[in-house]
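Chemist: One file: input.cif (mmCIF, C-alpha atoms).
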```cif
data_upload
#
loop_
_atom_site.label_atom_id
_atom_site.label_comp_id
_atom_site.auth_asym_id
_atom_site.auth_seq_id
_atom_site.Cartn_x
_atom_site.Cartn_y
_atom_site.Cartn_z
CA MET A 1 21.36 -0.93 -2.42
CA LEU A 2 21.36 -4.51 -3.71
CA GLN A 3 18.13 -5.52 -5.36
CA ASN A 4 18.42 -9.14 -4.28
CA GLN A 5 19.56 -9.90 -0.76
CA LYS A 6 21.51 -13.14 -0.49
CA ASN A 7 21.48 -15.36 2.55
CA PRO A 8 24.55 -15.30 4.85
CA ARG A 9 25.89 -18.63 3.57
CA CYS A 10 25.90 -17.37 -0.03
CA LEU A 11 27.62 -14.17 1.02
CA TYR A 12 30.34 -16.07 2.89
CA ASP A 13 30.85 -18.44 -0.03
CA GLN A 14 31.08 -15.53 -2.45
CA CYS A 15 33.56 -13.75 -0.15
CA PHE A 16 35.75 -16.85 0.08
CA GLN A 17 35.62 -17.41 -3.68
CA THR A 18 36.62 -13.78 -4.33
CA CYS A 19 39.53 -14.06 -1.91
CA SER A 20 40.69 -17.32 -3.45
CA GLU A 21 40.77 -15.80 -6.91
CA ILE A 22 43.17 -13.04 -5.86
CA GLN A 23 46.91 -13.76 -5.73
CA ASP A 24 47.61 -13.06 -2.09
CA MET A 25 49.85 -14.00 0.80
CA GLU A 26 48.95 -17.23 2.60
CA VAL A 27 48.36 -17.37 6.34
CA VAL A 28 51.86 -18.71 6.97
CA GLN A 29 53.38 -15.75 5.13
CA VAL A 30 51.43 -13.19 7.13
CA SER A 31 52.38 -15.05 10.30
CA LYS A 32 56.05 -14.84 9.32
CA ALA A 33 55.69 -11.14 8.52
CA LEU A 34 54.17 -10.43 11.94
CA GLU A 35 56.92 -12.40 13.66
CA GLU A 36 59.55 -10.38 11.82
CA THR A 37 57.93 -7.11 12.84
CA HIS A 38 58.33 -6.60 16.56
CA LEU A 39 55.94 -3.65 16.49
CA SER A 40 53.25 -6.27 17.06
CA SER A 41 54.63 -7.33 20.43
CA TYR A 42 53.75 -4.18 22.39
CA PRO A 43 51.39 -4.87 25.32
CA LEU A 44 47.68 -4.12 25.20
CA MET A 45 46.51 -1.14 27.19
CA PRO A 46 43.69 -1.70 29.72
CA GLY A 47 41.32 0.52 27.71
CA ASN A 48 41.42 -1.87 24.77
CA SER A 49 38.89 -4.14 26.45
CA GLU A 50 36.24 -1.54 25.66
CA GLU A 51 36.69 -2.28 21.97
CA ALA A 52 35.96 -5.98 22.34
CA PRO A 53 32.54 -7.39 21.47
CA ASP A 54 30.92 -9.69 23.98
CA ALA A 55 31.63 -13.35 23.51
CA GLY A 56 28.19 -14.71 24.31
CA GLN A 57 26.28 -14.47 21.05
CA PRO A 58 25.98 -17.87 19.29
CA SER A 59 26.63 -18.26 15.58
CA THR A 60 25.85 -20.90 12.99
CA PRO A 61 28.87 -23.16 12.38
CA GLU A 62 30.20 -22.90 8.82
CA SER A 63 33.07 -24.71 7.16
CA HIS A 64 35.60 -22.12 6.04
CA GLN A 65 39.26 -22.04 5.20
CA SER A 66 41.50 -19.25 6.47
CA PHE A 67 41.09 -16.05 4.53
CA CYS A 68 44.15 -14.80 2.73
CA SER A 69 45.17 -11.16 2.90
CA SER A 70 44.55 -9.09 -0.17
CA SER A 71 45.57 -5.93 -1.95
CA ILE A 72 44.67 -2.98 0.20
CA ALA A 73 42.50 -0.03 -0.79
CA ILE A 74 42.54 3.21 1.18
CA THR A 75 39.77 3.55 3.75
CA THR A 76 39.81 6.88 5.58
CA THR A 77 37.74 8.83 8.02
CA SER A 78 38.03 12.24 9.58
CA SER A 79 39.39 12.76 13.09
CA SER A 80 36.00 13.97 14.31
CA GLU A 81 34.30 10.86 12.97
CA LEU A 82 36.86 8.63 14.70
CA ASN A 83 36.45 10.52 17.97
CA GLU A 84 32.67 10.24 17.74
CA SER A 85 32.97 6.53 16.99
CA SER A 86 35.30 6.09 19.96
CA ARG A 87 32.87 7.88 22.29
CA SER A 88 29.95 5.76 21.11
CA GLN A 89 31.96 2.62 21.78
CA GLU A 90 32.76 3.78 25.31
CA GLU A 91 29.06 4.28 25.95
CA ASP A 92 28.37 0.78 24.67
CA SER A 93 31.51 -0.88 26.00
CA THR A 94 31.62 -4.53 26.99
CA SER A 95 34.11 -5.67 29.60
CA TRP A 96 36.42 -8.58 28.84
CA ALA A 97 34.73 -11.91 29.35
CA GLY A 98 35.60 -15.45 28.46
CA PRO A 99 37.59 -18.50 29.52
CA ASP A 100 41.20 -18.23 30.61
CA PRO A 101 43.28 -18.40 27.38
CA ARG A 102 45.85 -20.47 29.27
CA ASN A 103 43.44 -23.37 28.97
CA VAL A 104 44.02 -23.41 25.20
CA PRO A 105 47.35 -24.30 23.54
CA ILE A 106 49.21 -21.12 22.58
CA ASP A 107 49.78 -22.33 19.02
CA ALA A 108 46.04 -22.80 18.52
CA LEU A 109 45.24 -19.25 19.63
CA ASP A 110 48.14 -17.82 17.64
CA LYS A 111 46.89 -19.45 14.45
CA LYS A 112 43.40 -18.09 14.98
CA VAL A 113 44.77 -14.62 15.66
CA ILE A 114 46.67 -14.72 12.35
CA SER A 115 43.58 -16.05 10.55
CA LEU A 116 41.51 -13.20 11.94
CA VAL A 117 44.19 -10.65 10.95
CA ASN A 118 44.07 -12.10 7.42
CA PHE A 119 40.31 -11.81 7.34
CA MET A 120 40.37 -8.21 8.60
CA LEU A 121 42.91 -7.29 5.91
CA PHE A 122 40.70 -8.89 3.27
CA LYS A 123 37.66 -6.93 4.45
CA TYR A 124 39.76 -3.74 4.48
CA HIS A 125 40.72 -4.39 0.87
CA MET A 126 37.06 -4.94 -0.02
CA LYS A 127 36.10 -1.73 1.83
CA GLU A 128 33.63 -3.71 3.88
CA PRO A 129 32.92 -3.73 7.62
CA VAL A 130 33.68 -6.77 9.76
CA THR A 131 30.86 -8.41 11.67
CA LYS A 132 31.07 -10.52 14.77
CA ALA A 133 29.31 -13.34 12.93
CA ASP A 134 32.01 -13.25 10.23
CA MET A 135 34.79 -13.38 12.80
CA LYS A 136 33.26 -16.28 14.68
CA ILE A 137 33.20 -18.29 11.48
CA VAL A 138 36.92 -17.59 11.02
CA ILE A 139 37.92 -18.74 14.51
CA LYS A 140 35.54 -21.75 14.43
CA GLU A 141 36.20 -24.17 17.30
CA ASN A 142 37.91 -21.50 19.44
CA GLU A 143 34.74 -19.44 19.73
CA ASP A 144 34.88 -19.59 23.54
CA HIS A 145 38.09 -17.54 23.33
CA PHE A 146 36.67 -15.07 20.85
CA THR A 147 37.39 -11.94 22.90
CA GLU A 148 41.04 -12.84 23.51
CA ILE A 149 41.57 -13.59 19.82
CA PHE A 150 39.76 -10.42 18.77
CA LEU A 151 41.85 -8.20 21.06
CA ARG A 152 45.12 -9.69 19.87
CA ALA A 153 44.15 -9.44 16.20
CA SER A 154 43.07 -5.82 16.72
CA GLU A 155 46.43 -5.11 18.36
CA HIS A 156 48.28 -6.47 15.32
CA MET A 157 46.12 -4.37 13.00
CA GLU A 158 46.92 -1.29 15.04
CA MET A 159 50.61 -1.73 15.81
CA VAL A 160 51.80 -3.32 12.56
CA PHE A 161 49.41 -2.05 9.89
CA GLY A 162 48.38 1.28 11.46
CA LEU A 163 44.66 0.47 11.29
CA ASP A 164 42.01 1.01 13.95
CA VAL A 165 39.26 -1.53 14.48
CA LYS A 166 36.31 0.66 15.47
CA ARG A 167 32.80 -0.34 16.44
CA VAL A 168 30.42 1.35 14.00
CA ASP A 169 27.20 -0.52 14.78
CA PRO A 170 26.92 -1.82 18.37
CA ILE A 171 23.51 -3.39 17.75
CA ASN A 172 24.68 -5.59 14.88
CA HIS A 173 28.23 -5.98 16.27
CA CYS A 174 29.77 -4.39 13.20
CA TYR A 175 33.31 -2.98 13.04
CA GLY A 176 35.00 -0.65 10.56
CA LEU A 177 38.70 -0.56 9.69
CA PHE A 178 40.20 2.94 9.57
CA ILE A 179 43.66 4.40 9.08
CA LYS A 180 44.93 5.65 12.44
CA LEU A 181 45.61 9.16 13.71
CA GLY A 182 43.66 10.94 10.97
CA LEU A 183 46.15 9.95 8.26
CA THR A 184 44.77 9.36 4.75
CA TYR A 185 47.46 7.18 3.17
CA ASP A 186 48.23 3.52 3.71
CA GLY A 187 51.24 3.16 1.41
CA VAL A 188 49.50 1.01 -1.20
CA LEU A 189 49.03 2.35 -4.72
CA ASP A 190 45.58 2.06 -6.29
CA GLY A 191 45.21 -1.13 -8.30
CA GLU A 192 48.24 -2.80 -6.73
CA GLU A 193 48.37 -5.68 -4.28
CA GLY A 194 50.03 -5.07 -0.97
CA MET A 195 49.54 -4.53 2.73
CA PRO A 196 48.99 -1.28 4.67
CA LYS A 197 52.22 0.46 5.62
CA THR A 198 50.83 3.14 7.92
CA GLY A 199 52.29 1.40 10.98
CA ILE A 200 55.89 2.09 9.99
CA LEU A 201 55.01 5.69 9.05
CA ILE A 202 53.51 6.33 12.49
CA PHE A 203 56.56 4.74 14.10
CA ILE A 204 58.94 7.04 12.17
CA LEU A 205 56.85 10.13 12.96
CA GLY A 206 57.17 9.14 16.60
CA VAL A 207 60.95 8.72 16.39
CA ILE A 208 61.27 12.16 14.78
CA PHE A 209 59.13 13.79 17.46
CA MET A 210 60.98 12.11 20.33
CA LYS A 211 64.32 13.21 18.85
CA GLY A 212 63.36 16.88 18.96
CA ASN A 213 61.40 17.14 15.68
CA SER A 214 64.30 15.98 13.54
CA ALA A 215 66.08 12.64 13.48
CA THR A 216 69.20 11.67 11.59
CA GLU A 217 68.95 8.84 9.11
CA GLU A 218 71.18 6.79 11.40
CA GLU A 219 68.85 7.34 14.36
CA VAL A 220 65.81 6.31 12.34
CA TRP A 221 67.43 3.10 11.14
CA GLU A 222 68.69 2.27 14.63
CA ALA A 223 65.09 2.47 15.87
CA LEU A 224 63.75 0.45 12.93
CA ASN A 225 66.42 -2.23 13.36
CA LEU A 226 65.04 -2.90 16.84
CA THR A 227 61.69 -3.76 15.24
CA GLY A 228 63.21 -6.17 12.70
CA ILE A 229 63.26 -3.73 9.76
CA TYR A 230 66.59 -3.21 7.98
CA ALA A 231 67.73 -1.05 5.06
CA GLY A 232 68.31 -3.13 1.95
CA ARG A 233 66.48 -6.17 3.32
CA LYS A 234 63.05 -6.76 1.77
CA HIS A 235 60.33 -6.98 4.37
CA ALA A 236 57.23 -9.15 3.99
CA ILE A 237 54.92 -6.24 4.84
CA PHE A 238 56.86 -3.09 4.01
CA GLY A 239 58.80 -4.25 0.96
CA GLU A 240 62.13 -2.48 0.44
CA PRO A 241 62.08 -0.16 3.47
CA ARG A 242 64.69 2.36 2.27
CA LYS A 243 62.67 3.15 -0.86
CA LEU A 244 59.44 3.31 1.14
CA ILE A 245 60.89 5.76 3.64
CA THR A 246 63.19 7.98 1.56
CA LYS A 247 61.10 7.98 -1.64
CA ASP A 248 57.44 7.03 -1.17
CA PHE A 249 56.74 8.75 2.15
CA VAL A 250 58.72 11.79 0.99
CA LYS A 251 56.81 11.93 -2.32
CA GLU A 252 53.53 11.83 -0.40
CA LYS A 253 54.83 14.71 1.77
CA TYR A 254 54.58 12.79 5.03
CA LEU A 255 58.34 13.01 5.55
CA GLU A 256 61.03 15.52 4.70
CA TYR A 257 64.41 14.00 3.89
CA ARG A 258 67.25 16.48 3.63
CA GLN A 259 70.98 16.82 3.98
CA VAL A 260 72.25 18.26 7.25
CA ALA A 261 74.26 21.42 6.69
CA ASN A 262 77.97 21.58 7.45
CA ARG A 263 78.48 17.86 8.01
CA ASP A 264 81.45 15.95 6.63
CA PRO A 265 80.91 13.22 5.71
CA ALA A 266 77.42 14.06 4.44
CA GLN A 267 74.58 13.29 6.81
CA PHE A 268 70.82 13.23 6.19
CA GLU A 269 67.90 13.77 8.51
CA PHE A 270 64.14 13.24 8.59
CA LEU A 271 61.46 15.72 9.62
CA TRP A 272 57.66 15.68 9.53
CA GLY A 273 56.39 16.67 6.10
CA PRO A 274 53.58 19.17 5.52
CA ARG A 275 50.99 16.44 5.03
CA ALA A 276 51.85 14.89 8.41
CA HIS A 277 51.43 18.29 10.10
CA ALA A 278 48.10 18.80 8.31
CA GLU A 279 46.56 15.38 9.00
CA THR A 280 47.73 14.42 12.48
CA THR A 281 49.11 16.03 15.64
CA LYS A 282 52.01 15.58 17.99
CA MET A 283 49.59 14.60 20.74
CA LYS A 284 48.06 11.80 18.69
CA VAL A 285 51.48 10.43 17.83
CA LEU A 286 52.64 10.73 21.45
CA GLU A 287 49.52 8.88 22.63
CA MET A 288 50.33 6.09 20.19
CA LEU A 289 53.94 5.90 21.38
CA ALA A 290 52.79 5.84 25.00
CA LYS A 291 50.53 2.94 24.12
CA PHE A 292 53.51 1.16 22.54
CA HIS A 293 55.32 1.43 25.88
CA GLY A 294 52.31 0.59 28.06
CA THR A 295 52.20 4.02 29.69
CA ASP A 296 50.53 7.42 29.21
CA PRO A 297 51.71 10.55 27.33
CA SER A 298 52.57 12.47 30.51
CA SER A 299 55.32 9.92 31.14
CA PHE A 300 57.30 11.88 28.52
CA PRO A 301 57.21 15.33 30.18
CA SER A 302 59.01 17.49 27.60
CA GLN A 303 57.23 15.93 24.63
CA TYR A 304 53.89 16.07 26.45
CA GLU A 305 54.35 19.79 27.16
CA GLU A 306 55.24 20.42 23.51
CA ALA A 307 52.23 18.40 22.34
CA LEU A 308 49.91 20.37 24.64
CA GLN A 309 51.31 23.64 23.29
CA ASP A 310 50.78 22.35 19.74
CA GLU A 311 47.14 21.55 20.60
CA GLU A 312 46.62 25.06 21.98
CA GLU A 313 48.14 26.66 18.88
CA ARG A 314 45.92 24.57 16.61
CA ALA A 315 42.85 25.52 18.65
CA ARG A 316 43.71 29.22 18.38
CA ALA A 317 44.26 28.84 14.63
CA ARG A 318 40.82 27.22 14.23
CA ILE A 319 39.15 29.99 16.22
CA SER A 320 40.96 32.61 14.16
CA ALA A 321 39.95 30.91 10.90
CA ARG A 322 36.30 30.79 11.98
CA SER A 323 36.45 34.45 12.98
CA VAL A 324 37.85 35.43 9.58
CA SER A 325 35.18 33.37 7.81
CA ALA A 326 32.45 35.00 9.85
CA SER A 327 33.85 38.48 9.11
CA VAL A 328 33.99 37.75 5.38
CA ALA A 329 30.41 36.46 5.42
CA THR A 330 29.20 39.55 7.31
CA ALA A 331 31.00 41.88 4.92
CA SER A 332 29.56 40.06 1.93
CA SER A 333 26.05 40.28 3.36
CA SER A 334 26.46 43.98 4.07
CA ALA A 335 27.71 44.64 0.54
CA LYS A 336 24.65 42.89 -0.91
CA SER A 337 22.33 44.97 1.28
CA ILE A 338 23.93 48.20 0.09
CA HIS A 339 23.67 47.06 -3.52
CA PHE A 340 19.95 46.33 -3.23
CA SER A 341 19.20 49.62 -1.38
CA CYS A 342 20.90 51.61 -4.15
CA SER A 343 19.06 49.81 -6.94
#
```
Starting from the file, give its structure as structure tokens.

Modeler:
Amino acid sequence: MLQNQKNPRCLYDQCFQTCSEIQDMEVVQVSKALEETHLSSYPLMPGNSEEAPDAGQPSTPESHQSFCSSSIAITTTSSSELNESSRSQEEDSTSWAGPDPRNVPIDALDKKVISLVNFMLFKYHMKEPVTKADMKIVIKENEDHFTEIFLRASEHMEMVFGLDVKRVDPINHCYGLFIKLGLTYDGVLDGEEGMPKTGILIFILGVIFMKGNSATEEEVWEALNLTGIYAGRKHAIFGEPRKLITKDFVKEKYLEYRQVANRDPAQFEFLWGPRAHAETTKMKVLEMLAKFHGTDPSSFPSQYEEALQDEEERARARISARSVSASVATASSSAKSIHFSCS
């Protein structure tokens, strides 16, 4: 706890000063990065409106420049915590409200969306929640279109950076930023500047799953090329993608990268690594892919059936593990009782 509470203006000024002192990407660079990455263009699903805060609460106008993005520190949460957070948001959901965004020039809204993405990335780096009051200061004169801007910025955070914007305090309109799908790695080394790379990891896990749990290197790059990501071409968000995919993700055990047997010329393929199997599920990845395509998981029948079977197997494994733990505890208790009775 802080001993001295500062007023909101001081906190905003301090936040802006801290951001300005860090060597970061400017708004125009992040905008360019998002334009290059077509992952950000997938449509919003109807359910996303439940994540949006209401647009009616007034805020005190403050003069602020756009926040730059910053080096990213890992912020994680367990799957159960995310599910609980999601349920609490549904109970306290607010339907979409606000003026028709067509009444505002597209460029104006786009710029505010990018500014809000920048601000969210900065708060993620600082390991701080995002408040509605903070966000309204960022979008300034477009406050009437707050909900539209918020939804679009949240979509970019999800599709490009692999981060969920989750309501953690409905009373104070406070949102946390969490790595999606239960994953615990965002692709940024501690102490280094950079942007979260979980989005491309989730995308590749999806490609592998859709290709029958293994995808050739050629198939993976064909899919990535459609999103504006190319081998050997440095990307504004993901850096050198070949190194990221074949080295970094493999080192972290999210991907397996191996040579296919009996192929001439030599061919390589990708599979899920042990850490991917441990941290997320086929169903979670399929749900994300379905969201990408504006549909639901059952629209992919064979993959949906496999994902359901995977869920059942995991459930049985959990029950079995609990049963073993209970048996061990009972045996230990019995052994102690025998020891004391013989003493």

Chemist: With all atoms listed in the file as the basis for distance, which of A:Asn213, A:Thr295, A:Thr198, A:Thr147 is at the shortest distance from Ile237 of chain A?

Modeler: A:Thr198

Chemist: Just the number, please: distance in Å from atom CA of Val138 of chain A to atom CA of Asp186 of chain A, one decimal.

Modeler: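 Answer for the atom CA of Val138 of chain A to atom CA of Asp186 of chain A separation: 25.0 Å.
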
Chemist: Skipping near chain neighbours, those fewer than 4 positions away, what residues fall within 10 Å of segment 309-311 of chain A using only C-alpha atoms, listed as number ranges by chain?

Modeler: A: 281-284, 303-305, 315-317

Chemist: When distances are computed from only C-alpha atoms, which of A:Thr246, A:Asn172, A:Ser302, A:Asn225 shows the smallest separation from Val130 of chain A?

Modeler: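 Nearest to Val130 of chain A: A:Asn172.
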
Chemist: Taking all atoms listed in the file into account, name the residue in A:Phe238, A:Phe150, A:Phe178, A:Tyr257 that is nearest to Met135 of chain A.

Modeler: A:Phe150

Chemist: Name the residues captured by the PyMOL selection byres ((chain A and resi 290) around 12) when it is applied to the shown file; answer as a compact mmCIF listing (two decimals) with C-alpha atoms, in the frame of the given file.

Modeler:
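Result file out-v2.txt:
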```txt
# COMPACT_ATOMS: atom_id res chain seq x y z
CA TYR A 42 53.75 -4.18 22.39
CA PRO A 43 51.39 -4.87 25.32
CA LEU A 44 47.68 -4.12 25.20
CA MET A 45 46.51 -1.14 27.19
CA PHE A 203 56.56 4.74 14.10
CA GLY A 206 57.17 9.14 16.60
CA MET A 210 60.98 12.11 20.33
CA MET A 283 49.59 14.60 20.74
CA LYS A 284 48.06 11.80 18.69
CA VAL A 285 51.48 10.43 17.83
CA LEU A 286 52.64 10.73 21.45
CA GLU A 287 49.52 8.88 22.63
CA MET A 288 50.33 6.09 20.19
CA LEU A 289 53.94 5.90 21.38
CA LYS A 291 50.53 2.94 24.12
CA PHE A 292 53.51 1.16 22.54
CA HIS A 293 55.32 1.43 25.88
CA GLY A 294 52.31 0.59 28.06
CA THR A 295 52.20 4.02 29.69
CA ASP A 296 50.53 7.42 29.21
CA PRO A 297 51.71 10.55 27.33
CA SER A 298 52.57 12.47 30.51
CA SER A 299 55.32 9.92 31.14
CA PHE A 300 57.30 11.88 28.52
CA PRO A 301 57.21 15.33 30.18
CA GLN A 303 57.23 15.93 24.63
CA TYR A 304 53.89 16.07 26.45
```

Chemist: Quick check, in Å to one decimal: how far apart do atom CA of Gly194 of chain A and atom CA of Lys136 of chain A lie?

Modeler: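 Separation of atom CA of Gly194 of chain A and atom CA of Lys136 of chain A: 25.5 Å.
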
Chemist: Would you work out the distance separating atom CA of Gly176 of chain A from atom CA of Phe249 of chain A, expressed in Å to one decimal?

Modeler: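 Separation of atom CA of Gly176 of chain A and atom CA of Phe249 of chain A: 25.1 Å.
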
Chemist: Taking into account all atoms listed in the file, which residue in the set A:Cys174, A:Val168, A:Leu201, A:Val250 is nearest to Ala133 of chain A?

Modeler: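 Residue with the minimum atom-to-atom distance to Ala133 of chain A: A:Cys174.
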
Chemist: Using all atoms listed in the file, collect all residues at a distance of at most 8 Å from (56.7, 16.2, 5.4) as written in the file, then present them as number ranges by chain.

Modeler: A: 250, 252-256, 271-277

Chemist: Save out the residues we just selected, C-alpha atoms, as a PDB file, keeping the file's coordinate frame.

Modeler:
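Saved result, part_13.pdb, follows:
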```pdb
ATOM      1  CA  VAL A 250      58.720  11.790   0.990  1.00  0.00           C
ATOM      2  CA  GLU A 252      53.530  11.830  -0.400  1.00  0.00           C
ATOM      3  CA  LYS A 253      54.830  14.710   1.770  1.00  0.00           C
ATOM      4  CA  TYR A 254      54.580  12.790   5.030  1.00  0.00           C
ATOM      5  CA  LEU A 255      58.340  13.010   5.550  1.00  0.00           C
ATOM      6  CA  GLU A 256      61.030  15.520   4.700  1.00  0.00           C
ATOM      7  CA  LEU A 271      61.460  15.720   9.620  1.00  0.00           C
ATOM      8  CA  TRP A 272      57.660  15.680   9.530  1.00  0.00           C
ATOM      9  CA  GLY A 273      56.390  16.670   6.100  1.00  0.00           C
ATOM     10  CA  PRO A 274      53.580  19.170   5.520  1.00  0.00           C
ATOM     11  CA  ARG A 275      50.990  16.440   5.030  1.00  0.00           C
ATOM     12  CA  ALA A 276      51.850  14.890   8.410  1.00  0.00           C
ATOM     13  CA  HIS A 277      51.430  18.290  10.100  1.00  0.00           C
TER      14      HIS A 277
END
```

Chemist: Go through A:Ile149, A:Leu181, A:Leu224, A:Ala278 and flag the residue nearest Leu163 of chain A, using only C-alpha atoms for the distances.

Modeler: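 The shortest atom-to-atom distance to Leu163 of chain A comes from A:Leu181.
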
Chemist: With distances taken over all atoms listed in the file, which of A:Val113, A:Ser154, A:Phe270, A:Ile202 is nearest to Lys247 of chain A?

Modeler: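 Between A:Val113, A:Ser154, A:Phe270, A:Ile202, the residue approaching Lys247 of chain A most closely is A:Phe270.
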
Chemist: Report the centre and edge lengths, in Å to one decimal, of an axis-aligned box enclosing every atom of segment 279-296 of chain A listed in the file, padded by 3 Å on each side, as lines of an AutoDock Vina configuration file.

Modeler:
```
center_x = 50.9
center_y = 8.3
center_z = 19.3
size_x = 14.8
size_y = 21.4
size_z = 26.7
```
